[in-house]
file model.txt (compact mmCIF, N, CA and C atoms and all ligand atoms)
# COMPACT_ATOMS: atom_id res chain seq x y z
N MET A 727 5.45 -8.83 0.58
CA MET A 727 5.38 -7.50 1.17
C MET A 727 4.25 -6.69 0.53
N THR A 728 3.71 -5.79 1.29
CA THR A 728 2.64 -4.96 0.74
C THR A 728 3.18 -3.56 0.48
N ALA A 729 2.41 -2.81 -0.29
CA ALA A 729 2.83 -1.46 -0.62
C ALA A 729 2.79 -0.58 0.63
N THR A 730 3.76 0.32 0.71
CA THR A 730 3.89 1.21 1.86
C THR A 730 3.61 2.64 1.42
N ARG A 731 2.89 3.37 2.27
CA ARG A 731 2.65 4.78 1.97
C ARG A 731 3.97 5.53 2.10
N VAL A 732 4.36 6.27 1.07
CA VAL A 732 5.63 7.00 1.10
C VAL A 732 5.46 8.50 1.23
N CYS A 733 4.32 9.02 0.78
CA CYS A 733 4.06 10.45 0.90
C CYS A 733 2.63 10.71 0.45
N ALA A 734 2.23 11.98 0.57
CA ALA A 734 0.92 12.39 0.07
C ALA A 734 1.08 12.90 -1.36
N LEU A 735 0.14 12.58 -2.20
CA LEU A 735 0.17 13.07 -3.59
C LEU A 735 0.21 14.60 -3.60
N SER A 736 -0.54 15.21 -2.69
CA SER A 736 -0.62 16.67 -2.65
C SER A 736 0.69 17.32 -2.19
N GLU A 737 1.60 16.52 -1.61
CA GLU A 737 2.90 17.06 -1.19
C GLU A 737 3.90 17.13 -2.35
N LEU A 738 3.65 16.37 -3.40
CA LEU A 738 4.62 16.29 -4.49
C LEU A 738 4.57 17.55 -5.36
N GLU A 739 5.74 18.03 -5.67
CA GLU A 739 5.87 19.19 -6.54
C GLU A 739 5.98 18.69 -7.97
N GLN A 740 5.29 19.36 -8.88
CA GLN A 740 5.33 18.93 -10.27
C GLN A 740 6.73 19.15 -10.87
N ASP A 741 7.16 18.20 -11.68
CA ASP A 741 8.48 18.26 -12.33
C ASP A 741 9.62 18.35 -11.33
N ALA A 742 9.45 17.66 -10.21
CA ALA A 742 10.52 17.60 -9.21
C ALA A 742 10.54 16.18 -8.64
N ALA A 743 11.68 15.81 -8.07
CA ALA A 743 11.84 14.48 -7.49
C ALA A 743 11.93 14.57 -5.98
N THR A 744 11.35 13.59 -5.31
CA THR A 744 11.40 13.51 -3.86
C THR A 744 12.02 12.17 -3.49
N ARG A 745 13.02 12.20 -2.62
CA ARG A 745 13.67 10.95 -2.20
C ARG A 745 12.89 10.35 -1.03
N VAL A 746 12.55 9.07 -1.15
CA VAL A 746 11.91 8.35 -0.05
C VAL A 746 12.69 7.06 0.16
N GLU A 747 12.45 6.42 1.28
CA GLU A 747 13.11 5.15 1.54
C GLU A 747 12.07 4.16 2.05
N VAL A 748 12.04 2.99 1.44
CA VAL A 748 11.12 1.94 1.85
C VAL A 748 11.94 0.69 2.13
N ASP A 749 11.93 0.24 3.37
CA ASP A 749 12.69 -0.95 3.75
C ASP A 749 14.14 -0.89 3.28
N GLY A 750 14.76 0.26 3.44
CA GLY A 750 16.16 0.42 3.08
C GLY A 750 16.41 0.64 1.61
N VAL A 751 15.36 0.68 0.81
CA VAL A 751 15.50 0.92 -0.63
C VAL A 751 15.23 2.40 -0.91
N ALA A 752 16.22 3.10 -1.47
CA ALA A 752 16.07 4.52 -1.79
C ALA A 752 15.38 4.66 -3.15
N ILE A 753 14.34 5.45 -3.17
CA ILE A 753 13.52 5.60 -4.37
C ILE A 753 13.27 7.09 -4.62
N ALA A 754 13.37 7.49 -5.89
CA ALA A 754 13.02 8.85 -6.28
C ALA A 754 11.58 8.83 -6.81
N VAL A 755 10.72 9.61 -6.17
CA VAL A 755 9.32 9.71 -6.59
C VAL A 755 9.17 11.02 -7.37
N VAL A 756 8.59 10.91 -8.56
CA VAL A 756 8.49 12.07 -9.45
C VAL A 756 7.05 12.25 -9.91
N LEU A 757 6.55 13.47 -9.78
CA LEU A 757 5.26 13.84 -10.38
C LEU A 757 5.60 14.60 -11.66
N ASP A 758 5.27 14.00 -12.81
CA ASP A 758 5.65 14.67 -14.06
C ASP A 758 4.63 15.73 -14.45
N SER A 759 4.91 16.44 -15.52
CA SER A 759 4.05 17.56 -15.90
C SER A 759 2.69 17.10 -16.39
N ALA A 760 2.56 15.80 -16.75
CA ALA A 760 1.27 15.26 -17.16
C ALA A 760 0.46 14.77 -15.96
N GLY A 761 1.03 14.88 -14.76
CA GLY A 761 0.31 14.47 -13.55
C GLY A 761 0.52 13.02 -13.19
N GLU A 762 1.43 12.34 -13.88
CA GLU A 762 1.70 10.93 -13.58
C GLU A 762 2.82 10.81 -12.55
N VAL A 763 2.65 9.86 -11.63
CA VAL A 763 3.66 9.66 -10.59
C VAL A 763 4.54 8.47 -10.98
N HIS A 764 5.86 8.66 -10.87
CA HIS A 764 6.83 7.62 -11.20
C HIS A 764 7.69 7.34 -9.97
N ALA A 765 8.20 6.10 -9.90
CA ALA A 765 9.12 5.74 -8.81
C ALA A 765 10.29 4.98 -9.43
N ILE A 766 11.49 5.55 -9.30
CA ILE A 766 12.67 4.87 -9.85
C ILE A 766 13.77 4.84 -8.79
N GLY A 767 14.65 3.87 -8.95
CA GLY A 767 15.77 3.76 -8.02
C GLY A 767 16.48 5.09 -7.89
N ASP A 768 16.81 5.47 -6.64
CA ASP A 768 17.35 6.81 -6.41
C ASP A 768 18.85 6.91 -6.63
N VAL A 769 19.54 5.78 -6.77
CA VAL A 769 21.00 5.86 -6.86
C VAL A 769 21.43 5.72 -8.32
N CYS A 770 22.11 6.76 -8.80
CA CYS A 770 22.63 6.75 -10.18
C CYS A 770 23.55 5.54 -10.35
N THR A 771 23.44 4.89 -11.51
CA THR A 771 24.28 3.70 -11.74
C THR A 771 25.70 4.07 -12.17
N HIS A 772 25.97 5.34 -12.33
CA HIS A 772 27.34 5.75 -12.66
C HIS A 772 28.13 6.10 -11.41
N GLY A 773 27.44 6.51 -10.35
CA GLY A 773 28.13 6.89 -9.12
C GLY A 773 27.13 6.89 -7.98
N ASP A 774 27.62 7.07 -6.81
CA ASP A 774 26.75 7.03 -5.63
C ASP A 774 26.11 8.39 -5.41
N ILE A 775 25.23 8.75 -6.35
CA ILE A 775 24.60 10.07 -6.34
C ILE A 775 23.10 9.89 -6.29
N SER A 776 22.43 10.71 -5.48
CA SER A 776 20.98 10.66 -5.40
C SER A 776 20.37 11.31 -6.62
N LEU A 777 19.61 10.53 -7.39
CA LEU A 777 18.96 11.09 -8.58
C LEU A 777 17.89 12.12 -8.19
N ALA A 778 17.34 12.00 -7.00
CA ALA A 778 16.32 12.96 -6.56
C ALA A 778 16.87 14.37 -6.45
N ASP A 779 18.20 14.50 -6.40
CA ASP A 779 18.82 15.83 -6.39
C ASP A 779 19.02 16.37 -7.80
N GLY A 780 18.61 15.58 -8.78
CA GLY A 780 18.80 15.98 -10.17
C GLY A 780 17.62 16.77 -10.72
N PHE A 781 17.47 16.72 -12.04
CA PHE A 781 16.51 17.58 -12.72
C PHE A 781 15.50 16.74 -13.51
N VAL A 782 14.22 17.08 -13.35
CA VAL A 782 13.17 16.40 -14.12
C VAL A 782 12.96 17.19 -15.40
N GLU A 783 13.01 16.46 -16.51
CA GLU A 783 12.81 17.08 -17.82
C GLU A 783 11.90 16.15 -18.60
N GLY A 784 10.65 16.51 -18.77
CA GLY A 784 9.70 15.63 -19.46
C GLY A 784 9.57 14.32 -18.70
N GLU A 785 9.90 13.22 -19.38
CA GLU A 785 9.80 11.90 -18.75
C GLU A 785 11.18 11.36 -18.38
N THR A 786 12.10 12.26 -18.06
CA THR A 786 13.43 11.83 -17.64
C THR A 786 13.83 12.51 -16.33
N LEU A 787 14.75 11.84 -15.63
CA LEU A 787 15.37 12.41 -14.43
C LEU A 787 16.87 12.41 -14.68
N GLU A 788 17.44 13.61 -14.69
CA GLU A 788 18.85 13.76 -15.05
C GLU A 788 19.72 13.87 -13.81
N CYS A 789 20.78 13.07 -13.79
CA CYS A 789 21.74 13.12 -12.69
C CYS A 789 22.52 14.43 -12.77
N TRP A 790 22.61 15.12 -11.64
CA TRP A 790 23.27 16.43 -11.66
C TRP A 790 24.79 16.31 -11.81
N ALA A 791 25.34 15.12 -11.47
CA ALA A 791 26.80 15.01 -11.42
C ALA A 791 27.44 15.03 -12.81
N HIS A 792 26.96 14.16 -13.72
CA HIS A 792 27.59 14.08 -15.03
C HIS A 792 26.57 14.06 -16.17
N GLY A 793 25.31 14.29 -15.85
CA GLY A 793 24.33 14.52 -16.90
C GLY A 793 23.63 13.35 -17.53
N SER A 794 23.80 12.13 -17.02
CA SER A 794 23.02 11.02 -17.58
C SER A 794 21.54 11.22 -17.22
N ALA A 795 20.67 11.07 -18.22
CA ALA A 795 19.23 11.22 -18.01
C ALA A 795 18.60 9.83 -18.06
N PHE A 796 17.84 9.50 -17.04
CA PHE A 796 17.20 8.19 -16.94
C PHE A 796 15.70 8.31 -17.27
N SER A 797 15.21 7.37 -18.08
CA SER A 797 13.79 7.35 -18.39
C SER A 797 12.98 7.04 -17.14
N LEU A 798 11.96 7.84 -16.88
CA LEU A 798 11.11 7.58 -15.72
C LEU A 798 10.24 6.36 -15.95
N ARG A 799 10.06 5.96 -17.21
CA ARG A 799 9.22 4.80 -17.52
C ARG A 799 9.98 3.48 -17.49
N THR A 800 11.22 3.51 -17.96
CA THR A 800 11.96 2.24 -18.07
C THR A 800 13.17 2.17 -17.15
N GLY A 801 13.63 3.30 -16.65
CA GLY A 801 14.83 3.33 -15.82
C GLY A 801 16.12 3.32 -16.64
N LYS A 802 16.01 3.24 -17.96
CA LYS A 802 17.21 3.17 -18.79
C LYS A 802 17.86 4.54 -18.94
N PRO A 803 19.19 4.56 -18.92
CA PRO A 803 19.86 5.83 -19.19
C PRO A 803 19.79 6.14 -20.68
N LEU A 804 19.55 7.38 -21.01
CA LEU A 804 19.40 7.76 -22.41
C LEU A 804 20.69 8.33 -22.98
N ASN A 805 21.67 8.53 -22.12
CA ASN A 805 22.96 9.03 -22.58
C ASN A 805 24.04 8.63 -21.57
N LEU A 806 25.27 8.65 -22.05
CA LEU A 806 26.42 8.33 -21.19
C LEU A 806 26.67 9.48 -20.22
N PRO A 807 27.41 9.26 -19.14
CA PRO A 807 28.28 8.11 -18.90
C PRO A 807 27.58 6.90 -18.27
N ALA A 808 26.40 7.02 -17.70
CA ALA A 808 25.73 5.84 -17.12
C ALA A 808 25.28 4.93 -18.27
N TYR A 809 25.41 3.63 -18.09
CA TYR A 809 24.92 2.70 -19.12
C TYR A 809 24.08 1.58 -18.53
N GLU A 810 24.00 1.49 -17.21
CA GLU A 810 23.14 0.49 -16.57
C GLU A 810 21.84 1.18 -16.13
N PRO A 811 20.71 0.47 -16.28
CA PRO A 811 19.44 1.07 -15.86
C PRO A 811 19.27 1.07 -14.33
N VAL A 812 18.41 1.94 -13.86
CA VAL A 812 17.97 1.89 -12.46
C VAL A 812 16.62 1.18 -12.44
N PRO A 813 16.26 0.56 -11.33
CA PRO A 813 14.95 -0.12 -11.29
C PRO A 813 13.80 0.88 -11.30
N VAL A 814 12.67 0.45 -11.83
CA VAL A 814 11.45 1.26 -11.75
C VAL A 814 10.40 0.45 -10.99
N TYR A 815 9.61 1.10 -10.21
CA TYR A 815 8.65 0.43 -9.33
C TYR A 815 7.22 0.84 -9.68
N ALA A 816 6.31 -0.08 -9.43
CA ALA A 816 4.89 0.22 -9.62
C ALA A 816 4.45 1.18 -8.52
N VAL A 817 3.61 2.13 -8.88
CA VAL A 817 3.09 3.12 -7.93
C VAL A 817 1.59 2.93 -7.81
N LEU A 818 1.12 2.91 -6.58
CA LEU A 818 -0.32 2.86 -6.35
C LEU A 818 -0.75 4.20 -5.76
N ILE A 819 -1.85 4.74 -6.27
CA ILE A 819 -2.40 5.97 -5.72
C ILE A 819 -3.74 5.60 -5.07
N ASP A 820 -3.86 5.90 -3.79
CA ASP A 820 -5.10 5.61 -3.05
C ASP A 820 -5.54 6.91 -2.40
N GLY A 821 -6.47 7.58 -3.05
CA GLY A 821 -6.86 8.90 -2.56
C GLY A 821 -5.68 9.85 -2.67
N ASP A 822 -5.23 10.37 -1.53
CA ASP A 822 -4.08 11.28 -1.54
C ASP A 822 -2.79 10.54 -1.16
N ASP A 823 -2.87 9.24 -1.00
CA ASP A 823 -1.69 8.48 -0.58
C ASP A 823 -0.94 7.90 -1.78
N VAL A 824 0.39 8.03 -1.75
CA VAL A 824 1.24 7.41 -2.76
C VAL A 824 1.88 6.19 -2.10
N LEU A 825 1.66 5.02 -2.69
CA LEU A 825 2.16 3.77 -2.11
C LEU A 825 3.10 3.07 -3.08
N ILE A 826 4.16 2.50 -2.53
CA ILE A 826 5.14 1.77 -3.34
C ILE A 826 5.53 0.49 -2.61
N ASP A 827 5.64 -0.58 -3.39
CA ASP A 827 6.19 -1.83 -2.88
C ASP A 827 7.53 -2.04 -3.58
N PRO A 828 8.65 -1.88 -2.87
CA PRO A 828 9.95 -1.97 -3.54
C PRO A 828 10.30 -3.37 -4.02
N THR A 829 9.47 -4.36 -3.68
CA THR A 829 9.73 -5.70 -4.20
C THR A 829 9.00 -5.92 -5.54
N VAL A 830 8.19 -4.93 -5.94
CA VAL A 830 7.44 -5.07 -7.19
C VAL A 830 7.98 -4.10 -8.22
N LYS A 831 8.68 -4.65 -9.21
CA LYS A 831 9.21 -3.82 -10.29
C LYS A 831 8.08 -3.58 -11.28
N LYS A 832 8.11 -2.43 -11.88
CA LYS A 832 7.08 -2.07 -12.86
C LYS A 832 7.27 -2.91 -14.11
N GLU A 833 6.15 -3.29 -14.73
CA GLU A 833 6.20 -4.00 -16.01
C GLU A 833 6.60 -2.99 -17.09
N ILE A 834 7.62 -3.34 -17.86
CA ILE A 834 8.07 -2.41 -18.91
C ILE A 834 7.73 -3.00 -20.27
S1 LIG B 1 27.15 10.00 -11.03
FE1 LIG B 1 25.34 10.14 -12.22
S2 LIG B 1 26.04 10.47 -14.25
FE2 LIG B 1 27.87 10.30 -13.07

call {"tool": "encode", "arguments": {"input": "model.txt", "output": "structure tokens"}}
result
Amino acid sequence: MTATRVCALSELEQDAATRVEVDGVAIAVVLDSAGEVHAIGDVCTHGDISLADGFVEGETLECWAHGSAFSLRTGKPLNLPAYEPVPVYAVLIDGDDVLIDPTVKKEI
């Protein structure tokens, strides 16, 4: 599979998450305060909650339901109650296009 355009870079709000779906895979796309774009699995591993509805804090995305914060770089939860990681995906930036291939996990 090839990478799919999911949104425009200029549409992303800094320190906020945007939920996108690629081939049925829900992904939270985050533009952090350093200007880096991250893509992590959108479903919290503690419950069926969209992480894109949570809060971006530095390099973490915090689930609004019970407060587990997931690393945007590794997908690992940094605190309980979640203990399983979410997947992280490689992001390609082509001009103003943000592209993700959900079959390609990011190298950690
Ligand atoms: S559903 Fe996300 S921490 Fe509980």

call {"tool": "residues_around", "arguments": {"input": "model.txt", "residues": "A:Asp822", "least_positions_apart": "6", "cutoff": "7 Å", "atoms": "only N, CA and C atoms", "output": "list in words"}}
result
Cys733, Ala734, Leu735 and Ser736 of chain A

call {"tool": "residues_around", "arguments": {"input": "model.txt", "residues": "A:Cys789", "least_positions_apart": "4", "cutoff": "7 Å", "atoms": "only N, CA and C atoms", "output": "list in words"}}
result
Cys770, Ser776, Leu777, Asp779, Gly780, Phe781, Gly793, Ser794, Ala795 and Phe796 of chain A

call {"tool": "axis_aligned_box", "arguments": {"input": "model.txt", "around": "stretch 790-793 of chain A", "padding_each_side": "5 Å", "output": "JSON"}}
result
{"center_x": 25.1, "center_y": 14.9, "center_z": -14.5, "size_x": 15.0, "size_y": 13.1, "size_z": 16.1}

call {"tool": "residues_near_ligand", "arguments": {"input": "model.txt", "ligand": "ligand LIG 1 (chain B)", "cutoff": "6.5 Å", "atoms": "all atoms listed in the file", "output": "number ranges by chain"}}
result
A: 770-775, 789-794, 806-808

call {"tool": "closest_residue", "arguments": {"input": "model.txt", "among": "A:Val763, A:Leu757, A:Leu825, A:Ala778", "to": "A:Arg745", "atoms": "only N, CA and C atoms"}}
result
A:Ala778

call {"tool": "residues_around", "arguments": {"input": "model.txt", "residues": "A:Pro828", "least_positions_apart": "5", "cutoff": "8 Å", "atoms": "all atoms listed in the file", "output": "list in words"}}
result
Met727, Thr728, Ala729, Thr730, Val748, Asp749, Val751, Val814, Tyr815 and Ala816 of chain A

call {"tool": "atom_distance", "arguments": {"input": "model.txt", "atom1": "atom N of A:Leu787", "atom2": "atom CA of A:Ile766"}}
result
9.3 Å

call {"tool": "residues_around", "arguments": {"input": "model.txt", "residues": "stretch 797-800 of chain A", "least_positions_apart": "3", "cutoff": "8 Å", "atoms": "only N, CA and C atoms", "output": "count of residues only"}}
result
21

call {"tool": "select_by_dssp", "arguments": {"input": "model.txt", "residues": "chain A", "states": "strand (DSSP E or B)", "output": "MDAnalysis selection string"}}
result
chainID A and resid 730:734 740 742:748 751:757 763:767 769 776 781:783 786:788 795:797 803 814:820 823:831

call {"tool": "atom_distance", "arguments": {"input": "model.txt", "atom1": "atom N of A:Ile826", "atom2": "atom N of A:Glu739"}}
result
15.9 Å

call {"tool": "select_by_dssp", "arguments": {"input": "model.txt", "residues": "chain A", "states": "helix (DSSP H, G or I)", "output": "ChimeraX atom specification"}}
result
/A:735-737,777-779

call {"tool": "atom_distance", "arguments": {"input": "model.txt", "atom1": "atom CA of A:Ala754", "atom2": "atom CA of A:Glu810"}}
result
16.7 Å

call {"tool": "closest_residue", "arguments": {"input": "model.txt", "among": "A:Val824, A:Ala752, A:Val782, A:Lys831", "to": "A:Gln740", "atoms": "all atoms listed in the file"}}
result
A:Val782
